[in-house]
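Chemist: Structure in structure tokens, see below.
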Amino acid sequence: MDVLLRDTGLINSALKALGIIHEPLPLLYNSAAVFVGLVYGYLPFVVLPLYATLERLDKTLLEASADLGAKPWATLTRVVIPLCGSGLRAAALLVFIPCLGAYLTPDLLGGSKTVMVGNLIQNQFTTARDWPFGSAVSLVLMAIVMLMLMVIIRRGGKELI
């Protein structure tokens, strides 16, 4: 990712060669770089559950929707998305939980400007040497995630487990 986003990286070099920019764009060490890096890293965890869910989708339901006069957008919002709800929830959980603890991607792409919970915990254990605070933050984060999972399960998300 660093090869793409640095001042002499592929994106800035291509934009300079095309004459679109004259000075390199600051693509590293900001929140946008962290966002792009997290999307790049966790996109497979979204694609795989969605693909598995969409592959099992009954194609005759899509044909029936089209036969009844539904436009493609209506078919997507009223047929496909409700039927793929379990895959969407699984994808959201598979990405959300690891993103909470991510510290390497924000540290490399965001520098010291972007602080996420994972970075805070890592800094407490390594730089600040404040192990009690790092442990407390870790425990609070784990408790919040567990409470959220319990709420999801109680609301009917039992097919996720």
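In the structure tokens, chains take letters A, B, ... by order of appearance, with residues numbered from 1 within each chain and ligands from 1 in the order shown.
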I'd like a table as a Markdown table: residues in segment 17-47 of chain A with an atom no more than 6 Å from segment 108-113 of chain A, each row giving the shortest atom pair and its distance in Å to one decimal, only C-alpha atoms counted, sorted by chain and rising residue number.
Modeler:
| residue | atom | partner | partner_atom | distance |
| --- | --- | --- | --- | --- |
| A:Leu28 | CA | A:Leu109 | CA | 5.8 |
| A:Tyr29 | CA | A:Gly110 | CA | 3.9 |
| A:Asn30 | CA | A:Gly110 | CA | 4.9 |
| A:Ala33 | CA | A:Leu109 | CA | 5.7 |
| A:Val34 | CA | A:Leu109 | CA | 5.4 |
Chemist: So that I can check the surroundings of segment 47-59 of chain A, please list as a VMD selection string every protein, DNA and RNA residue that reaches within 6 Å of it, counting only C-alpha atoms and ignoring chain neighbours fewer than 6 positions away.
Modeler: chain A and resid 84 87 91
Chemist: Could you tell me which of A:Leu5, A:Leu43, A:Leu68, A:Met150 comes closest to Leu25 of chain A if we count only C-alpha atoms?
Modeler: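 Using only C-alpha atoms, the shortest distance to Leu25 of chain A belongs to A:Leu5.
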Chemist: Counting only C-alpha atoms, which of A:Met1, A:Ala128, A:Val137, A:Ala70 gets nearest to Val36 of chain A?
Modeler: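 Among the listed residues, the smallest separation from Val36 of chain A belongs to A:Met1.
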Chemist: Using only C-alpha atoms, determine which residues lie at most 12 Å from Val145 of chain A, disregarding the query and same-chain residues fewer than 5 positions distant; provide the list as a list of chain:residue names.
Modeler: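 My list of contacting residues is A:Leu93, A:Phe96, A:Ile97, A:Pro98, A:Cys99, A:Leu100, A:Gly101, A:Ser138, A:Leu139, A:Val140, A:Met150, A:Val151, A:Ile152.
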Chemist: Which residues, written as a PDB file with N, CA and C atoms, in the first residue's frame, have at least one atom at most 8 Å from Ala102 of chain A, with only C-alpha atoms counted and residues fewer than 5 positions away on the same chain left out?
Modeler:
ATOM      1  N   MET A 116      -6.509   4.996  16.549  1.00  0.00           N
ATOM      2  CA  MET A 116      -7.644   4.098  16.691  1.00  0.00           C
ATOM      3  C   MET A 116      -7.463   3.345  18.003  1.00  0.00           C
ATOM      4  N   VAL A 117      -8.460   2.589  18.400  1.00  0.00           N
ATOM      5  CA  VAL A 117      -8.413   1.911  19.693  1.00  0.00           C
ATOM      6  C   VAL A 117      -7.250   0.927  19.738  1.00  0.00           C
ATOM      7  N   GLY A 118      -7.020   0.225  18.639  1.00  0.00           N
ATOM      8  CA  GLY A 118      -5.907  -0.717  18.602  1.00  0.00           C
ATOM      9  C   GLY A 118      -4.571  -0.025  18.805  1.00  0.00           C
ATOM     10  N   ASN A 119      -4.415   1.159  18.186  1.00  0.00           N
ATOM     11  CA  ASN A 119      -3.186   1.933  18.379  1.00  0.00           C
ATOM     12  C   ASN A 119      -3.045   2.399  19.822  1.00  0.00           C
TER      13      ASN A 119
END
Chemist: What is the atom CA of Asp7 of chain A to atom CA of Gln122 of chain A distance in Å?
Modeler: 27.6 Å
Chemist: Quick one: pick out all alpha helix (DSSP H) residues within chain A from a backbone DSSP run and write them as a PyMOL selection string.
Modeler: chain A and resi 2-5+10-17+31-56+59-67+72-75+81-83+85-100+104-110+117-126+131-154
Chemist: Kindly indicate which residue among A:Pro82, A:Pro132, A:Pro72, A:Pro106 lies nearest to Val39 of chain A, using only C-alpha atoms for the distances.
Modeler: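 Checking each candidate against Val39 of chain A, we get A:Pro106 as the closest.
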Chemist: What does the distance between atom CA of Leu27 of chain A and atom CA of Thr105 of chain A come to in Å, to one decimal place?
Modeler: 14.3 Å
Chemist: Hey, which of A:Leu141, A:Ala136, A:Leu104, A:Met146 ends up closest to Leu38 of chain A? Count only C-alpha atoms.
Modeler: A:Leu104
Chemist: I want to know what sits within 9 Å of Val79 of chain A, based on only C-alpha atoms, with residues of the same chain fewer than 5 positions away left out; could you give that as number ranges by chain?
Modeler: A: 61-62, 65, 74, 84
Chemist: For those residues, write N, CA, C and O atoms to a file as an mmCIF file, in the first residue's frame.
Modeler:
data_model
loop_
_atom_site.group_PDB
_atom_site.id
_atom_site.type_symbol
_atom_site.label_atom_id
_atom_site.label_comp_id
_atom_site.auth_asym_id
_atom_site.auth_seq_id
_atom_site.Cartn_x
_atom_site.Cartn_y
_atom_site.Cartn_z
ATOM 1 N N LEU A 61 -36.562 -16.592 -8.008
ATOM 2 C CA LEU A 61 -37.131 -15.434 -7.312
ATOM 3 C C LEU A 61 -36.814 -14.139 -8.056
ATOM 4 O O LEU A 61 -37.638 -13.229 -8.126
ATOM 5 N N LEU A 62 -35.635 -14.059 -8.624
ATOM 6 C CA LEU A 62 -35.278 -12.886 -9.425
ATOM 7 C C LEU A 62 -36.101 -12.837 -10.704
ATOM 8 O O LEU A 62 -36.548 -11.766 -11.127
ATOM 9 N N SER A 65 -39.605 -11.740 -9.832
ATOM 10 C CA SER A 65 -39.637 -10.303 -9.592
ATOM 11 C C SER A 65 -39.669 -9.538 -10.908
ATOM 12 O O SER A 65 -40.431 -8.579 -11.061
ATOM 13 N N ALA A 74 -35.614 -2.166 -7.565
ATOM 14 C CA ALA A 74 -36.633 -2.712 -6.663
ATOM 15 C C ALA A 74 -36.354 -4.175 -6.359
ATOM 16 O O ALA A 74 -36.543 -4.623 -5.222
ATOM 17 N N CYS A 84 -30.440 -11.957 1.538
ATOM 18 C CA CYS A 84 -29.006 -12.065 1.843
ATOM 19 C C CYS A 84 -28.668 -11.422 3.176
ATOM 20 O O CYS A 84 -27.492 -11.111 3.438
#
Chemist: Can you pull out the residues contacting Phe125 of chain A? Cut-off 8 Å, using only C-alpha atoms, and skip same-chain residues under 5 positions away; I want them as a list in words.
Modeler: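 Here the qualifying residues turn out to be Asp130, Trp131 and Gly134 of chain A.
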Chemist: How many Å lie between atom CA of Thr127 of chain A and atom CA of Val115 of chain A, rounded to one decimal?
Modeler: 14.1 Å
